[in-house]
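Undergrad: Below you'll find the structure I mean.
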Amino acid sequence: MSSQTIQQTIANYFAATRAMSLESWLATFAEDAISYEPDAPPLKGYQDLTHFFQGIISVFQQIGLTEESVFINGNEAAVKWIGHGVGKNGQEVAFEGIDVFEINDAGKIQQMWAYWYPQKMMAQLA
């Protein structure tokens with residue numbers, strides 16, 4: 001797998017968050033992908049991923065993640081990102097984290113481990 005393919009998958013993932021596009025975001029994942037979010041059971045497959053994404057965007061007018069640094073090693077990548085959003089109540093939020101991606105041979109996210117503090121982000125909406 002080329003590093004360009006991995007870079008493009010990651011770029012598409014983050015662009016989809018900024019566009020708040022469930023369809024584009026899901027398209028970056030394999031159908032049987034697993035995502036490990038903090039303090040939650042693993043998200044397995046499109047149904048769990050859809051539920052997660054819809055839950056996040058349901059409380060925001062605008063939200064998105066922007067990759068700051070991308071480090072690729074084989075078919076894996078670690079990404080330091082920053083997030084910004086505006087809640088439906090008009091409150092602005094800022095947060096950050098690191099995601100570790102495993103990309104399959106089709107150029108899709110097979111597994112992802114997310115390291116961030118969702119409680120901290122949600123507290124900013126209060």
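So you can find residues: chains in the structure tokens are A, B, ... in the order shown, residues in each start at 1, and ligands are numbered from 1 in order.
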Write out as a ChimeraX atom specification the residues lying within 12 Å of Asn89 in chain A, counting only C-alpha atoms and excluding same-chain residues fewer than 3 positions away.

TA: /A:58-62,85-86,92-93,124-126

Undergrad: Give me the residues near Leu43 in chain A as JSON, numbers by chain, where near means some atom within 10 Å (using only C-alpha atoms) and where sequence neighbours in that chain fewer than 2 positions away do not count.

TA: {"A": [32, 33, 34, 35, 36, 37, 40, 41, 45, 46, 47, 48, 49, 50, 51, 52, 111, 112]}

Undergrad: Atoms to include: N, CA, C and O atoms. Write the selected residues as a short mmCIF file (atom, residue, chain, number, x, y, z; two decimals), in the first residue's frame.

TA:
```
data_model
loop_
_atom_site.label_atom_id
_atom_site.label_comp_id
_atom_site.auth_asym_id
_atom_site.auth_seq_id
_atom_site.Cartn_x
_atom_site.Cartn_y
_atom_site.Cartn_z
N ASP A 32 -16.76 -3.76 7.53
CA ASP A 32 -16.61 -4.44 8.81
C ASP A 32 -15.59 -3.75 9.73
O ASP A 32 -15.00 -4.37 10.61
N ALA A 33 -15.40 -2.46 9.52
CA ALA A 33 -14.44 -1.68 10.32
C ALA A 33 -14.81 -1.67 11.80
O ALA A 33 -15.98 -1.83 12.15
N ILE A 34 -13.80 -1.46 12.61
CA ILE A 34 -14.01 -1.30 14.05
C ILE A 34 -13.33 -0.01 14.48
O ILE A 34 -12.18 0.25 14.13
N SER A 35 -14.08 0.80 15.22
CA SER A 35 -13.55 2.05 15.76
C SER A 35 -13.62 1.99 17.28
O SER A 35 -14.67 1.66 17.84
N TYR A 36 -12.52 2.31 17.92
CA TYR A 36 -12.44 2.30 19.37
C TYR A 36 -12.44 3.75 19.86
O TYR A 36 -11.45 4.46 19.70
N GLU A 37 -13.56 4.17 20.41
CA GLU A 37 -13.71 5.52 20.95
C GLU A 37 -13.53 5.47 22.46
O GLU A 37 -13.81 4.44 23.08
N ALA A 40 -16.19 3.83 25.62
CA ALA A 40 -17.36 3.30 24.92
C ALA A 40 -17.02 1.93 24.35
O ALA A 40 -15.84 1.64 24.09
N PRO A 41 -18.04 1.09 24.16
CA PRO A 41 -17.76 -0.18 23.50
C PRO A 41 -17.32 0.06 22.05
O PRO A 41 -17.66 1.10 21.46
N GLY A 45 -18.78 -1.94 12.34
CA GLY A 45 -19.54 -1.88 11.10
C GLY A 45 -20.28 -0.57 10.90
O GLY A 45 -20.29 0.31 11.75
N TYR A 46 -20.91 -0.47 9.73
CA TYR A 46 -21.57 0.77 9.31
C TYR A 46 -22.70 1.20 10.25
O TYR A 46 -22.90 2.39 10.46
N GLN A 47 -23.44 0.26 10.81
CA GLN A 47 -24.57 0.64 11.67
C GLN A 47 -24.08 1.38 12.91
O GLN A 47 -24.59 2.44 13.26
N ASP A 48 -23.08 0.82 13.60
CA ASP A 48 -22.54 1.49 14.79
C ASP A 48 -21.88 2.82 14.43
O ASP A 48 -22.02 3.81 15.15
N LEU A 49 -21.12 2.82 13.34
CA LEU A 49 -20.45 4.05 12.92
C LEU A 49 -21.47 5.14 12.59
O LEU A 49 -21.30 6.31 12.95
N THR A 50 -22.55 4.76 11.91
CA THR A 50 -23.61 5.72 11.57
C THR A 50 -24.23 6.31 12.83
O THR A 50 -24.39 7.53 12.94
N HIS A 51 -24.54 5.45 13.77
CA HIS A 51 -25.15 5.91 15.03
C HIS A 51 -24.22 6.89 15.75
O HIS A 51 -24.67 7.93 16.25
N PHE A 52 -22.94 6.60 15.80
CA PHE A 52 -21.96 7.47 16.45
C PHE A 52 -21.90 8.84 15.75
O PHE A 52 -21.99 9.88 16.40
N GLN A 111 -9.44 -0.44 11.04
CA GLN A 111 -9.55 -0.21 12.47
C GLN A 111 -9.06 1.21 12.78
O GLN A 111 -8.19 1.72 12.08
N MET A 112 -9.65 1.77 13.82
CA MET A 112 -9.25 3.11 14.24
C MET A 112 -9.32 3.17 15.76
O MET A 112 -10.27 2.68 16.36
#
```

Undergrad: When you count only C-alpha atoms, which of these residues is closest to His84 in chain A: A:Met121, A:Ala114, A:Ala106, A:Met1?

TA: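 Under the stated criterion, the closest residue is A:Met121.
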
Undergrad: Could you please write out, as number ranges by chain, every residue of chain A that DSSP assigns to alpha helix (DSSP H)?

TA: A: 3-19, 22-26, 45-57, 118-123

Undergrad: Which of chain A end up as strand (DSSP E) when DSSP is run on this backbone - answer as a short mmCIF file (atom, residue, chain, number, x, y, z; two decimals) with C-alpha atoms, in the first residue's frame?

TA:
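Output file result_18.cif is given in full below:
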```
data_model
loop_
_atom_site.label_atom_id
_atom_site.label_comp_id
_atom_site.auth_asym_id
_atom_site.auth_seq_id
_atom_site.Cartn_x
_atom_site.Cartn_y
_atom_site.Cartn_z
CA PHE A 29 -14.33 2.84 6.29
CA ALA A 30 -14.43 -0.85 5.39
CA GLU A 31 -17.91 -2.35 5.91
CA ASP A 32 -16.61 -4.44 8.81
CA ALA A 33 -14.44 -1.68 10.32
CA ILE A 34 -14.01 -1.30 14.05
CA SER A 35 -13.55 2.05 15.76
CA TYR A 36 -12.44 2.30 19.37
CA LEU A 43 -18.12 0.56 17.10
CA LYS A 44 -18.43 -2.36 14.68
CA PHE A 60 -23.84 20.76 16.41
CA GLN A 61 -24.58 23.40 13.79
CA GLN A 62 -21.04 22.96 12.59
CA ILE A 63 -18.20 20.65 13.63
CA GLY A 64 -15.07 19.30 12.06
CA LEU A 65 -11.62 17.94 12.61
CA THR A 66 -8.46 19.15 10.92
CA GLU A 67 -5.33 17.06 10.77
CA GLU A 68 -2.25 18.83 12.14
CA SER A 69 0.34 16.07 11.74
CA VAL A 70 0.17 12.72 9.96
CA PHE A 71 2.71 9.98 10.61
CA ILE A 72 2.55 6.92 8.34
CA ASN A 73 4.20 3.59 9.08
CA GLU A 76 -0.97 2.43 9.74
CA ALA A 77 -0.99 6.12 10.52
CA ALA A 78 -1.15 8.26 13.63
CA VAL A 79 -2.79 11.64 13.25
CA LYS A 80 -2.72 14.58 15.66
CA TRP A 81 -5.84 16.66 15.01
CA ILE A 82 -7.74 19.67 16.29
CA GLY A 83 -11.51 20.03 16.37
CA HIS A 84 -13.76 23.05 16.31
CA GLY A 85 -17.50 23.30 16.39
CA VAL A 86 -20.54 25.39 17.13
CA GLY A 87 -23.32 23.74 19.09
CA GLU A 92 -18.31 27.26 20.44
CA VAL A 93 -16.12 24.27 21.30
CA ALA A 94 -12.47 23.47 20.73
CA PHE A 95 -10.86 20.09 21.37
CA GLU A 96 -8.00 17.93 20.19
CA GLY A 97 -6.88 14.35 19.96
CA ILE A 98 -4.93 11.65 18.22
CA ASP A 99 -6.34 8.94 15.98
CA VAL A 100 -4.46 5.81 14.97
CA PHE A 101 -5.64 4.23 11.72
CA GLU A 102 -5.10 0.80 10.18
CA ILE A 103 -5.82 0.93 6.45
CA ILE A 109 -10.08 2.27 7.37
CA GLN A 110 -10.16 -1.22 8.87
CA GLN A 111 -9.55 -0.21 12.47
CA MET A 112 -9.25 3.11 14.24
CA TRP A 113 -8.28 3.99 17.80
CA ALA A 114 -9.36 7.46 18.95
CA TYR A 115 -7.66 9.23 21.83
CA TRP A 116 -9.52 12.35 22.98
#
```

Undergrad: What does the structure give for the distance between CA of Asn75 in chain A and CA of Ser21 in chain A, in Å to one decimal?

TA: 25.0 Å

Undergrad: Could you jot down the CA of Gly74 in chain A to CA of Ser3 in chain A separation for me, Å, one decimal place?

TA: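 Taking CA of Gly74 in chain A as the start and CA of Ser3 in chain A as the end point, the length is 7.7 Å.
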
Undergrad: Go through A:Pro42, A:Gly107, A:Gly55, A:Gln119 and flag the residue nearest Gln8 in chain A, using only C-alpha atoms for the distances.

TA: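 Of A:Pro42, A:Gly107, A:Gly55, A:Gln119, the one nearest Gln8 in chain A is A:Gly107, counting only C-alpha atoms.
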